[in-house]
Every structure is written in structure tokens, then in C-alpha cells.
Amino acid sequence: MPNPRAAARLPEGPLRSLARRLAGLALLLWLSAALSLAAMRWVNPPTTALQLQRRVEAALADKPYAKRSQFVPLRAISPDLQHAVIAAEDARFYRHHGFDWHAMEIAAEDDMHGGRLRGGSTLTQQLVKNLLLGAERSYLRKAAEATLVPLAELALGKQRILELYLNVVEWGPGVYGAEAASRFYFHTSARRLSRIQAAELAAILPAPRRRRPERMARYSGLIQERMRQMGW
């Protein structure tokens with residue numbers, strides 16, 4: 001009779017071998033992403049996954065692509081813009097550890113009732129997607145995000161997360177970061193933005209390729225009210 005243990009030691013089939021190789025490749029990619037994220041505590045990223053994706057999309061559609069981006073330190077960005085972005089995108093930024101479960105619950109309830117005031121993603125989640133994962137949705141990307149977000153919180157800290165986010169976030173077609181957005185929309189530096197201008201820039205972040213600051217008066221007014229309620 002065949003020995004079950006000997007059968008168990010027979011060479012693996014091609015599917016299992018392929019699965020092992022794919023798993024090894026996935027682990028290697030994750031480690032590379034994790035190391036890149038840790039290095040960004042000190043190194044400013046020259047580009048991001050989202051920026052590369054937008055460039056490829058433009059090339060495939062045979063459309064012109066011009067990138068506007070200038071990395072500046074957090075102290076060179078108006079505190080009003082810092083506060084407006086937090087108020088608009090992640091009000092509990094300084095109180096959570098990468099995931100805001102309360103905001104996710106509210107977002108899920110909004111979806112169930114046909115609303116959609118804002119997503120449940122924190123600034124940390126958005127930064128990880130922007131830097132490393134791009135905008136395409138998939139379960140694999142969600143899994144990678146779930147493991148990289150706590151690492152970002154641990155390795156970078158809140159101020160560096162905010163600095164990176166404000167410098168790489170998409171603010172319009174080919175417009176990335178607070179400095180480029182300030183000059184593109186208001187012809188001034190990010191340091192010199194007014195409170196109203198800051199709120200208008202924050203108001204377009206959920207849909208930066210479709211919205212324009214001058215059309216966002218109502219929502220920017222709500223953001224300014226949130227800022228006042230938060231003590232800013």
C-alpha cells in the first residue's frame with residue numbers, strides 16, 4: 001500500500017509552486033514599500049505611485065501631461081491650510097492611530113442611506129495610497145494599505161505625515177502639493193494663503209480633477225465653521 005507520508009513528500013504541483021512564487025513576490029514588494037515608507041521620515045519622495053499612474057493614464061489616452069509640484073517644509077505652508085485640510089478630510093487626525101473607526105462607521109451609514117458626505121479614509125490612509133499604491137481599487141491594495149498604515153503612523157509621526165500629505169496630494173490635473181496648488185489657483189505661495197483661500201483649496205480635495213476653488217463657496221464655508229468649532 002502507498003505510504004501516506006511518502007505521498008505527502010511528493011514534488012509539488014505547478015499551481016502550488018506558482019502560488020509560492022507569487023506569495024514570495026508579494027512579500028518582497030511589501031518589504032520594499034515598508035522600507036520606502038520608513039525612509040520617508042527623512043527623505044522627500046521624488047514622485048508617487050499616483051503621479052506615475054496619472055502619467056501613464058495620460059500617455060495611454062494620448063493626452064498632454066504637465067506635472068506641477070514643489071516640495072516645501074510644513075512651516076512654509078499656511079497654518080490655515082493645515083487646519084482646513086484636517087477639518088475637511090480627517091477631523092480626528094491627532095486622536096487616531098491611522099484608522100478612524102468612528103468615521104468609517106459614519107461613512108458606511110451614509111452609503112446605506114444614499115448619502116456620501118465624506119469618505120472614512122484618514123490622512124494616513126490617503127498618504128499611503130498616494131505614495132505607494134495609486135488610485136486603483138482592489139482587495140490586494142486594501143490588504144496592503146491595512147498593514148502599511150500602522151507602519152506609517154509609527155515610522156513617520158503626525159507632523160511628518162501631514163507634511164508629506166500636503167506636499168503630494170493631488171489638487172488638480174497635474175497639480176500636486178500645497179505650493180503648486182497655491183500658485184496655480186491663487187498665484188501666491190502656500191505660506192501666504194488667506195483663511196478663505198485655504199478652505200477653498202481643502203474643499204476640492206475629495207474630487208480635485210473636477211472641482212475648482214471658486215465654485216466651492218458653500219462647502220468652504222462649512223469647512224471654516226468646522227475650523228472654528230475645533231478651536232482654529
# chains A, B, ... in the order shown; residues from 1 in each chain; ligands from 1

call {"tool": "residues_around", "arguments": {"residues": "range 66-79 of chain A", "least_positions_apart": "5", "cutoff": "8 Å", "atoms": "only C-alpha atoms", "output": "PyMOL selection string"}}
result
chain A and resi 44+162-163+167-168+174-180+190-193+198

call {"tool": "closest_residue", "arguments": {"among": "A:Ala202, A:Leu164, A:Leu29, A:Ala49", "to": "Asn130 in chain A", "atoms": "only C-alpha atoms"}}
result
A:Ala49

call {"tool": "atom_distance", "arguments": {"atom1": "CA of Ala203 in chain A", "atom2": "CA of Arg215 in chain A"}}
result
9.5 Å

call {"tool": "select_by_dssp", "arguments": {"residues": "chain A", "states": "helix (DSSP H, G or I)", "output": "PyMOL selection string"}}
result
chain A and resi 4-8+14-39+49-60+74-76+79-89+101-112+123-133+139-156+158-168+178-186+190-192+195-203+213-215+217-229

call {"tool": "write_last_selection", "arguments": {"atoms": "C-alpha atoms", "output": "CSV table (one decimal), in the first residue's frame"}}
result
chain,number,residue,atom,x,y,z
A,4,PRO,CA,0.6,8.5,3.0
A,5,ARG,CA,3.7,10.2,4.4
A,6,ALA,CA,5.7,9.4,1.3
A,7,ALA,CA,2.9,10.7,-0.8
A,8,ALA,CA,2.9,13.9,1.1
A,14,PRO,CA,2.9,23.6,-10.8
A,15,LEU,CA,-0.1,25.6,-9.3
A,16,ARG,CA,1.3,25.3,-5.7
A,17,SER,CA,4.8,26.2,-6.9
A,18,LEU,CA,3.4,29.3,-8.8
A,19,ALA,CA,1.4,30.3,-5.7
A,20,ARG,CA,4.5,30.1,-3.5
A,21,ARG,CA,6.4,32.3,-6.0
A,22,LEU,CA,3.6,34.8,-6.2
A,23,ALA,CA,3.5,34.9,-2.4
A,24,GLY,CA,7.2,35.5,-2.2
A,25,LEU,CA,7.0,38.3,-4.8
A,26,ALA,CA,4.1,39.9,-2.9
A,27,LEU,CA,6.2,39.8,0.3
A,28,LEU,CA,9.2,41.3,-1.4
A,29,LEU,CA,7.0,44.1,-2.8
A,30,TRP,CA,5.6,44.7,0.7
A,31,LEU,CA,9.0,44.9,2.3
A,32,SER,CA,10.2,47.3,-0.4
A,33,ALA,CA,7.1,49.5,0.3
A,34,ALA,CA,7.7,49.3,4.0
A,35,LEU,CA,11.3,50.3,3.7
A,36,SER,CA,10.5,53.2,1.4
A,37,LEU,CA,7.9,54.4,3.9
A,38,ALA,CA,10.3,54.3,6.8
A,39,ALA,CA,12.9,56.2,4.7
A,49,ALA,CA,2.5,55.9,-7.3
A,50,LEU,CA,-0.4,58.2,-8.0
A,51,GLN,CA,1.7,60.6,-10.1
A,52,LEU,CA,3.1,57.7,-12.1
A,53,GLN,CA,-0.4,56.4,-12.6
A,54,ARG,CA,-1.6,59.7,-13.9
A,55,ARG,CA,1.3,60.0,-16.3
A,56,VAL,CA,0.6,56.5,-17.7
A,57,GLU,CA,-3.1,57.3,-18.0
A,58,ALA,CA,-2.4,60.4,-20.0
A,59,ALA,CA,0.0,58.6,-22.3
A,60,LEU,CA,-2.5,55.8,-22.9
A,74,LEU,CA,5.5,72.2,6.8
A,75,ARG,CA,6.5,75.6,8.3
A,76,ALA,CA,6.2,77.1,4.7
A,79,PRO,CA,-1.5,77.0,9.3
A,80,ASP,CA,-4.9,77.9,7.9
A,81,LEU,CA,-4.4,75.4,5.1
A,82,GLN,CA,-3.1,72.7,7.5
A,83,HIS,CA,-6.2,73.2,9.7
A,84,ALA,CA,-8.6,73.4,6.8
A,85,VAL,CA,-7.4,70.1,5.3
A,86,ILE,CA,-7.6,68.4,8.7
A,87,ALA,CA,-11.1,69.8,9.3
A,88,ALA,CA,-12.3,68.7,5.8
A,89,GLU,CA,-10.6,65.3,5.5
A,101,TRP,CA,-13.3,53.6,13.0
A,102,HIS,CA,-15.9,56.2,14.0
A,103,ALA,CA,-15.6,58.0,10.7
A,104,MET,CA,-15.7,54.6,8.8
A,105,GLU,CA,-19.0,53.8,10.6
A,106,ILE,CA,-20.5,57.1,9.7
A,107,ALA,CA,-19.4,56.8,6.1
A,108,ALA,CA,-20.9,53.3,5.9
A,109,GLU,CA,-24.2,54.6,7.3
A,110,ASP,CA,-24.2,57.5,4.7
A,111,ASP,CA,-23.7,54.9,1.9
A,112,MET,CA,-26.6,52.8,3.2
A,123,LEU,CA,-4.9,61.4,6.0
A,124,THR,CA,-2.6,58.5,6.8
A,125,GLN,CA,-4.6,56.1,4.7
A,126,GLN,CA,-4.7,58.6,1.8
A,127,LEU,CA,-1.0,59.2,2.1
A,128,VAL,CA,-0.1,55.5,1.9
A,129,LYS,CA,-2.4,55.1,-1.1
A,130,ASN,CA,-0.9,58.2,-2.8
A,131,LEU,CA,2.7,57.3,-2.2
A,132,LEU,CA,2.7,53.6,-2.7
A,133,LEU,CA,-0.5,52.1,-4.1
A,139,TYR,CA,-8.8,43.8,-2.3
A,140,LEU,CA,-5.0,43.3,-2.6
A,141,ARG,CA,-4.4,47.0,-2.4
A,142,LYS,CA,-6.8,47.2,0.6
A,143,ALA,CA,-4.8,44.5,2.3
A,144,ALA,CA,-1.5,46.2,1.7
A,145,GLU,CA,-2.9,49.5,3.0
A,146,ALA,CA,-4.2,47.9,6.2
A,147,THR,CA,-0.7,46.7,7.0
A,148,LEU,CA,1.2,49.8,5.9
A,149,VAL,CA,-0.9,52.4,7.6
A,150,PRO,CA,0.1,51.4,11.2
A,151,LEU,CA,3.8,51.4,10.0
A,152,ALA,CA,3.4,54.9,8.6
A,153,GLU,CA,2.0,56.1,11.9
A,154,LEU,CA,4.9,54.5,13.8
A,155,ALA,CA,7.7,55.4,11.5
A,156,LEU,CA,6.7,58.9,10.4
A,158,LYS,CA,1.8,63.0,12.8
A,159,GLN,CA,3.7,66.1,11.7
A,160,ARG,CA,5.7,64.3,9.0
A,161,ILE,CA,2.5,62.6,7.8
A,162,LEU,CA,0.8,65.9,7.5
A,163,GLU,CA,3.9,67.5,5.8
A,164,LEU,CA,4.1,64.6,3.3
A,165,TYR,CA,0.4,64.6,2.6
A,166,LEU,CA,0.2,68.3,1.9
A,167,ASN,CA,3.1,68.1,-0.5
A,168,VAL,CA,2.0,65.1,-2.6
A,178,ALA,CA,0.1,72.8,-1.4
A,179,GLU,CA,2.8,75.1,-3.0
A,180,ALA,CA,1.9,74.1,-6.6
A,181,ALA,CA,-1.8,74.4,-5.9
A,182,SER,CA,-1.5,77.8,-4.2
A,183,ARG,CA,0.5,79.2,-7.2
A,184,PHE,CA,-1.8,77.5,-9.8
A,185,TYR,CA,-5.1,78.7,-8.3
A,186,PHE,CA,-4.2,81.9,-6.4
A,190,ALA,CA,1.3,78.3,0.3
A,191,ARG,CA,2.7,80.4,3.2
A,192,ARG,CA,0.6,83.4,2.2
A,195,ARG,CA,-8.1,81.6,5.5
A,196,ILE,CA,-10.8,81.7,2.8
A,197,GLN,CA,-8.3,80.5,0.1
A,198,ALA,CA,-7.2,77.7,2.4
A,199,ALA,CA,-10.8,76.5,2.9
A,200,GLU,CA,-11.5,76.7,-0.8
A,201,LEU,CA,-8.4,74.5,-1.5
A,202,ALA,CA,-9.4,72.0,1.1
A,203,ALA,CA,-12.9,71.9,-0.4
A,213,PRO,CA,-11.9,76.6,-5.6
A,214,GLU,CA,-14.1,79.4,-6.9
A,215,ARG,CA,-17.1,77.0,-7.2
A,217,ALA,CA,-18.1,78.7,-1.6
A,218,ARG,CA,-20.8,76.7,0.3
A,219,TYR,CA,-18.6,73.8,1.2
A,220,SER,CA,-15.6,76.0,2.0
A,221,GLY,CA,-17.9,77.9,4.4
A,222,LEU,CA,-18.7,74.7,6.2
A,223,ILE,CA,-15.0,73.9,6.5
A,224,GLN,CA,-14.4,77.3,8.0
A,225,GLU,CA,-17.2,76.6,10.5
A,226,ARG,CA,-15.6,73.3,11.4
A,227,MET,CA,-12.3,75.1,11.9
A,228,ARG,CA,-13.9,77.5,14.3
A,229,GLN,CA,-15.6,74.6,16.2

call {"tool": "atom_distance", "arguments": {"atom1": "CA of Arg211 in chain A", "atom2": "CA of Pro173 in chain A"}}
result
10.4 Å

call {"tool": "atom_distance", "arguments": {"atom1": "CA of Asp100 in chain A", "atom2": "CA of Thr122 in chain A"}}
result
6.5 Å

call {"tool": "select_by_dssp", "arguments": {"residues": "range 8-229 of chain A", "states": "strand (DSSP E or B)", "output": "count of residues only"}}
result
7
